[in-house]
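A short worksheet on the structure shown next.
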Amino acid sequence: MAAARRGMFSRGGLRRWVRLGVLTVAIMAALPVVLTVLYIPPVVRPISTLMIKDLVTLQGYDRQWVALDDIAPVLAHSVIMSEDGQFCTHRGVDLGELKGVISDALDGEATRGASTIPMQTVKNLFLWNGRSFLRKVVELPLAIYFDALVPKRRIMEIYLNIAEWGPNIYGIEAASQHYFGKPASQLSRRQAALLAVTLPNPAARNPAKAGPGLRRLATVIERRAGKAGAYVQCLN
């Protein structure tokens, strides 16, 4: 009898843990959906999961929110031309780039990055760092959803204010002040290009002390940003 009761208790306990697990997963899945809506108004100033980590680990961080209108336009143009040339025309995911990555993977070739600015934004806001297939599977539909609800200008504003530009340095205003001693509104074309090409690897790249390779890359982006034209029309 006692053994039977223990068996029933064990099965009941297992069911409760399963229900708790399912509820936890459901809440985690619903959170980005709800937060996306809350992040649409410009008065809201989101923080990233990396910023939360810095707070939890007591490291702190430097982030000074700044409106898109108070950022030198050439900075946003440089970021688009460096990170996501089709930002104004795709719907969260660049299907052309994604097909290329899949094709390379099937052919056994090294894959290139295909992350768009909306994909990087939802990763920074809701997901974790590091390369993993699981994260990409979650990231893709989130980016499409985020892009469908949030205007392009607002996406860019959020991205530029949560992107990591160095250890515990987030957002373009903190980065501009840290590396060049000036507000983001006063960045030159060259400084904007250097900051843009730092984004893929902010832990290893320093725009204020750029090596020859980084300077060459910045020159390419500076030239492209000067001829951005229709590529950046959604920010006008």
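Chain labels run A, B, ... following the order of the structure tokens; each chain numbers its residues from 1, and ligands are numbered from 1 in the order shown.
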
Where does stretch 106-220 of chain A meet stretch 31-51 of chain A within 8 Å, residue by residue, with the nearest atom pair and distance in Å to one decimal for each, counting only C-alpha atoms, listed by chain and rising number, as a tab-separated table?
residue	atom	partner	partner_atom	distance
A:Asn124	CA	A:Ser48	CA	5.1
A:Leu125	CA	A:Ser48	CA	4.5
A:Phe126	CA	A:Pro32	CA	6.3
A:Leu127	CA	A:Thr49	CA	6.9
A:Trp128	CA	A:Thr49	CA	7.0
A:Leu142	CA	A:Pro32	CA	7.8
A:Phe146	CA	A:Thr36	CA	6.4
A:Leu149	CA	A:Val37	CA	7.4
A:Val150	CA	A:Ile40	CA	5.8
A:Pro151	CA	A:Ile40	CA	7.9
A:Arg154	CA	A:Ile40	CA	7.2
A:Ile158	CA	A:Pro46	CA	7.3
A:Ile162	CA	A:Ser48	CA	6.0
A:Asn168	CA	A:Met51	CA	7.6
A:Tyr170	CA	A:Met51	CA	7.9

Take the selection from the previous step and output its residues with C-alpha atoms, as a PDB file, in the first residue's frame.
ATOM      1  CA  ASN A 124      20.174  41.406 -28.599  1.00  0.00           C
ATOM      2  CA  LEU A 125      16.764  42.046 -27.050  1.00  0.00           C
ATOM      3  CA  PHE A 126      15.468  38.537 -26.426  1.00  0.00           C
ATOM      4  CA  LEU A 127      18.041  35.808 -27.081  1.00  0.00           C
ATOM      5  CA  TRP A 128      21.540  34.716 -26.171  1.00  0.00           C
ATOM      6  CA  LEU A 142      11.083  36.679 -34.294  1.00  0.00           C
ATOM      7  CA  PHE A 146       9.463  42.326 -35.139  1.00  0.00           C
ATOM      8  CA  LEU A 149       5.160  45.459 -36.244  1.00  0.00           C
ATOM      9  CA  VAL A 150       7.967  47.944 -35.653  1.00  0.00           C
ATOM     10  CA  PRO A 151       8.713  50.765 -38.153  1.00  0.00           C
ATOM     11  CA  ARG A 154      12.328  52.600 -34.742  1.00  0.00           C
ATOM     12  CA  ILE A 158      16.635  50.520 -30.961  1.00  0.00           C
ATOM     13  CA  ILE A 162      21.555  48.446 -27.686  1.00  0.00           C
ATOM     14  CA  ASN A 168      30.282  47.137 -21.140  1.00  0.00           C
ATOM     15  CA  TYR A 170      26.331  49.813 -25.444  1.00  0.00           C
TER      16      TYR A 170
END

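Atom pair atom CA of A:Ala30 / atom CA of A:Ile117: separated by 21.7 Å.
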
Report as JSON, numbers by chain all protein, DNA and RNA residues lying within 10 Å of A:Gln177, evaluated on only C-alpha atoms, omitting residues in the same chain fewer than 5 positions from it. {"A": [64, 172, 182, 183, 184, 187]}

One decimal, Å: what's the distance from atom CA of A:Arg205 over to atom CA of A:Ala114, could you say? 20.4 Å

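Take the candidates A:Leu75, A:Arg189, A:Leu134, A:Val18 and check each one against A:Glu157 using only C-alpha atoms; the shortest distance goes to A:Leu75.
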
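Among A:Tyr159, A:Phe180, A:Tyr231, A:Tyr61, the residue with the shortest atom-to-atom distance to A:Lys123, counting only C-alpha atoms, is A:Tyr159.
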
Run DSSP on the backbone of this structure and report the residues of stretch 134-214 of chain A it assigns to helix (DSSP H, G or I), as an MDAnalysis selection string. chainID A and resid 134:149 152:162 172:180 184:186 189:198 207:209 212:214

Env of A:Ala228: 10 Å cut, atoms = only C-alpha atoms, seq-sep filter 3 positions within chain, self excluded. Answer as a PyMOL selection string. chain A and resi 74+77-78+80-81+85+221-225+231-233

Go ahead and save the picked residues with all heavy atoms, as an mmCIF file, in the first residue's frame.
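Result file follows (part13.cif):
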data_model
loop_
_atom_site.group_PDB
_atom_site.id
_atom_site.type_symbol
_atom_site.label_atom_id
_atom_site.label_comp_id
_atom_site.auth_asym_id
_atom_site.auth_seq_id
_atom_site.Cartn_x
_atom_site.Cartn_y
_atom_site.Cartn_z
ATOM 1 N N VAL A 74 24.965 59.842 -41.227
ATOM 2 C CA VAL A 74 26.006 59.029 -41.864
ATOM 3 C C VAL A 74 26.345 57.793 -41.048
ATOM 4 O O VAL A 74 26.790 56.782 -41.599
ATOM 5 C CB VAL A 74 27.272 59.881 -42.117
ATOM 6 C CG1 VAL A 74 27.978 60.243 -40.810
ATOM 7 C CG2 VAL A 74 28.231 59.168 -43.055
ATOM 8 N N HIS A 77 23.654 55.270 -41.982
ATOM 9 C CA HIS A 77 23.915 54.859 -43.355
ATOM 10 C C HIS A 77 25.108 53.898 -43.405
ATOM 11 O O HIS A 77 25.074 52.893 -44.136
ATOM 12 C CB HIS A 77 24.204 56.083 -44.220
ATOM 13 C CG HIS A 77 23.058 57.033 -44.316
ATOM 14 N ND1 HIS A 77 23.140 58.258 -44.940
ATOM 15 C CD2 HIS A 77 21.778 56.953 -43.846
ATOM 16 C CE1 HIS A 77 21.984 58.896 -44.854
ATOM 17 N NE2 HIS A 77 21.144 58.114 -44.188
ATOM 18 N N SER A 78 26.135 54.187 -42.635
ATOM 19 C CA SER A 78 27.320 53.327 -42.611
ATOM 20 C C SER A 78 26.981 51.950 -42.044
ATOM 21 O O SER A 78 27.469 50.924 -42.549
ATOM 22 C CB SER A 78 28.424 53.976 -41.774
ATOM 23 O OG SER A 78 28.852 55.198 -42.346
ATOM 24 N N ILE A 80 24.054 50.438 -42.110
ATOM 25 C CA ILE A 80 23.275 49.709 -43.115
ATOM 26 C C ILE A 80 24.186 49.135 -44.187
ATOM 27 O O ILE A 80 24.091 47.958 -44.547
ATOM 28 C CB ILE A 80 22.195 50.620 -43.739
ATOM 29 C CG1 ILE A 80 21.073 50.866 -42.735
ATOM 30 C CG2 ILE A 80 21.634 49.991 -45.017
ATOM 31 C CD1 ILE A 80 19.995 51.811 -43.224
ATOM 32 N N MET A 81 25.074 49.958 -44.709
ATOM 33 C CA MET A 81 25.944 49.504 -45.797
ATOM 34 C C MET A 81 26.952 48.464 -45.327
ATOM 35 O O MET A 81 27.456 47.675 -46.131
ATOM 36 C CB MET A 81 26.656 50.698 -46.430
ATOM 37 C CG MET A 81 25.723 51.756 -47.012
ATOM 38 S SD MET A 81 24.372 51.081 -48.022
ATOM 39 C CE MET A 81 25.276 50.430 -49.422
ATOM 40 N N GLY A 85 22.649 45.645 -46.215
ATOM 41 C CA GLY A 85 22.385 46.539 -47.339
ATOM 42 C C GLY A 85 20.941 46.575 -47.803
ATOM 43 O O GLY A 85 20.503 47.564 -48.381
ATOM 44 N N ILE A 221 33.376 51.110 -46.583
ATOM 45 C CA ILE A 221 32.058 51.460 -46.041
ATOM 46 C C ILE A 221 31.814 52.960 -46.143
ATOM 47 O O ILE A 221 30.687 53.396 -46.441
ATOM 48 C CB ILE A 221 31.933 50.978 -44.582
ATOM 49 C CG1 ILE A 221 32.022 49.449 -44.521
ATOM 50 C CG2 ILE A 221 30.632 51.463 -43.955
ATOM 51 C CD1 ILE A 221 31.022 48.722 -45.405
ATOM 52 N N GLU A 222 32.827 53.756 -45.930
ATOM 53 C CA GLU A 222 32.678 55.209 -46.060
ATOM 54 C C GLU A 222 32.265 55.579 -47.482
ATOM 55 O O GLU A 222 31.389 56.425 -47.683
ATOM 56 C CB GLU A 222 34.000 55.885 -45.704
ATOM 57 C CG GLU A 222 33.930 57.410 -45.681
ATOM 58 C CD GLU A 222 35.246 58.041 -45.278
ATOM 59 O OE1 GLU A 222 36.190 57.301 -44.906
ATOM 60 O OE2 GLU A 222 35.339 59.288 -45.324
ATOM 61 N N ARG A 223 32.880 54.926 -48.450
ATOM 62 C CA ARG A 223 32.527 55.199 -49.844
ATOM 63 C C ARG A 223 31.098 54.742 -50.153
ATOM 64 O O ARG A 223 30.329 55.450 -50.812
ATOM 65 C CB ARG A 223 33.524 54.493 -50.763
ATOM 66 C CG ARG A 223 33.320 54.787 -52.244
ATOM 67 C CD ARG A 223 34.489 54.304 -53.076
ATOM 68 N NE ARG A 223 34.701 52.859 -52.964
ATOM 69 C CZ ARG A 223 35.742 52.292 -52.370
ATOM 70 N NH1 ARG A 223 36.681 53.062 -51.819
ATOM 71 N NH2 ARG A 223 35.864 50.990 -52.311
ATOM 72 N N ARG A 224 30.737 53.571 -49.672
ATOM 73 C CA ARG A 224 29.385 53.063 -49.911
ATOM 74 C C ARG A 224 28.329 53.933 -49.230
ATOM 75 O O ARG A 224 27.259 54.185 -49.801
ATOM 76 C CB ARG A 224 29.269 51.628 -49.401
ATOM 77 C CG ARG A 224 30.031 50.609 -50.226
ATOM 78 C CD ARG A 224 29.879 49.214 -49.635
ATOM 79 N NE ARG A 224 30.615 48.216 -50.403
ATOM 80 C CZ ARG A 224 30.730 46.943 -50.045
ATOM 81 N NH1 ARG A 224 30.157 46.517 -48.924
ATOM 82 N NH2 ARG A 224 31.411 46.105 -50.796
ATOM 83 N N ALA A 225 28.610 54.372 -48.014
ATOM 84 C CA ALA A 225 27.650 55.216 -47.291
ATOM 85 C C ALA A 225 27.420 56.530 -48.019
ATOM 86 O O ALA A 225 26.308 57.069 -48.018
ATOM 87 C CB ALA A 225 28.148 55.477 -45.867
ATOM 88 N N TYR A 231 19.176 52.876 -50.731
ATOM 89 C CA TYR A 231 19.384 51.840 -49.720
ATOM 90 C C TYR A 231 18.980 52.316 -48.327
ATOM 91 O O TYR A 231 18.744 51.495 -47.437
ATOM 92 C CB TYR A 231 20.851 51.409 -49.701
ATOM 93 C CG TYR A 231 21.274 50.601 -50.906
ATOM 94 C CD1 TYR A 231 21.975 51.181 -51.948
ATOM 95 C CD2 TYR A 231 20.949 49.238 -51.005
ATOM 96 C CE1 TYR A 231 22.354 50.447 -53.059
ATOM 97 C CE2 TYR A 231 21.331 48.505 -52.106
ATOM 98 C CZ TYR A 231 22.034 49.113 -53.130
ATOM 99 O OH TYR A 231 22.408 48.369 -54.230
ATOM 100 N N VAL A 232 18.945 53.617 -48.111
ATOM 101 C CA VAL A 232 18.648 54.145 -46.776
ATOM 102 C C VAL A 232 17.387 55.005 -46.764
ATOM 103 O O VAL A 232 17.131 55.736 -45.807
ATOM 104 C CB VAL A 232 19.847 54.960 -46.241
ATOM 105 C CG1 VAL A 232 21.071 54.078 -46.096
ATOM 106 C CG2 VAL A 232 20.177 56.146 -47.146
ATOM 107 N N GLN A 233 16.570 54.895 -47.804
ATOM 108 C CA GLN A 233 15.413 55.784 -47.928
ATOM 109 C C GLN A 233 14.378 55.587 -46.824
ATOM 110 O O GLN A 233 13.638 56.516 -46.484
ATOM 111 C CB GLN A 233 14.741 55.560 -49.283
ATOM 112 C CG GLN A 233 14.193 54.148 -49.495
ATOM 113 C CD GLN A 233 13.612 53.934 -50.880
ATOM 114 O OE1 GLN A 233 13.475 54.890 -51.640
ATOM 115 N NE2 GLN A 233 13.276 52.701 -51.203
#
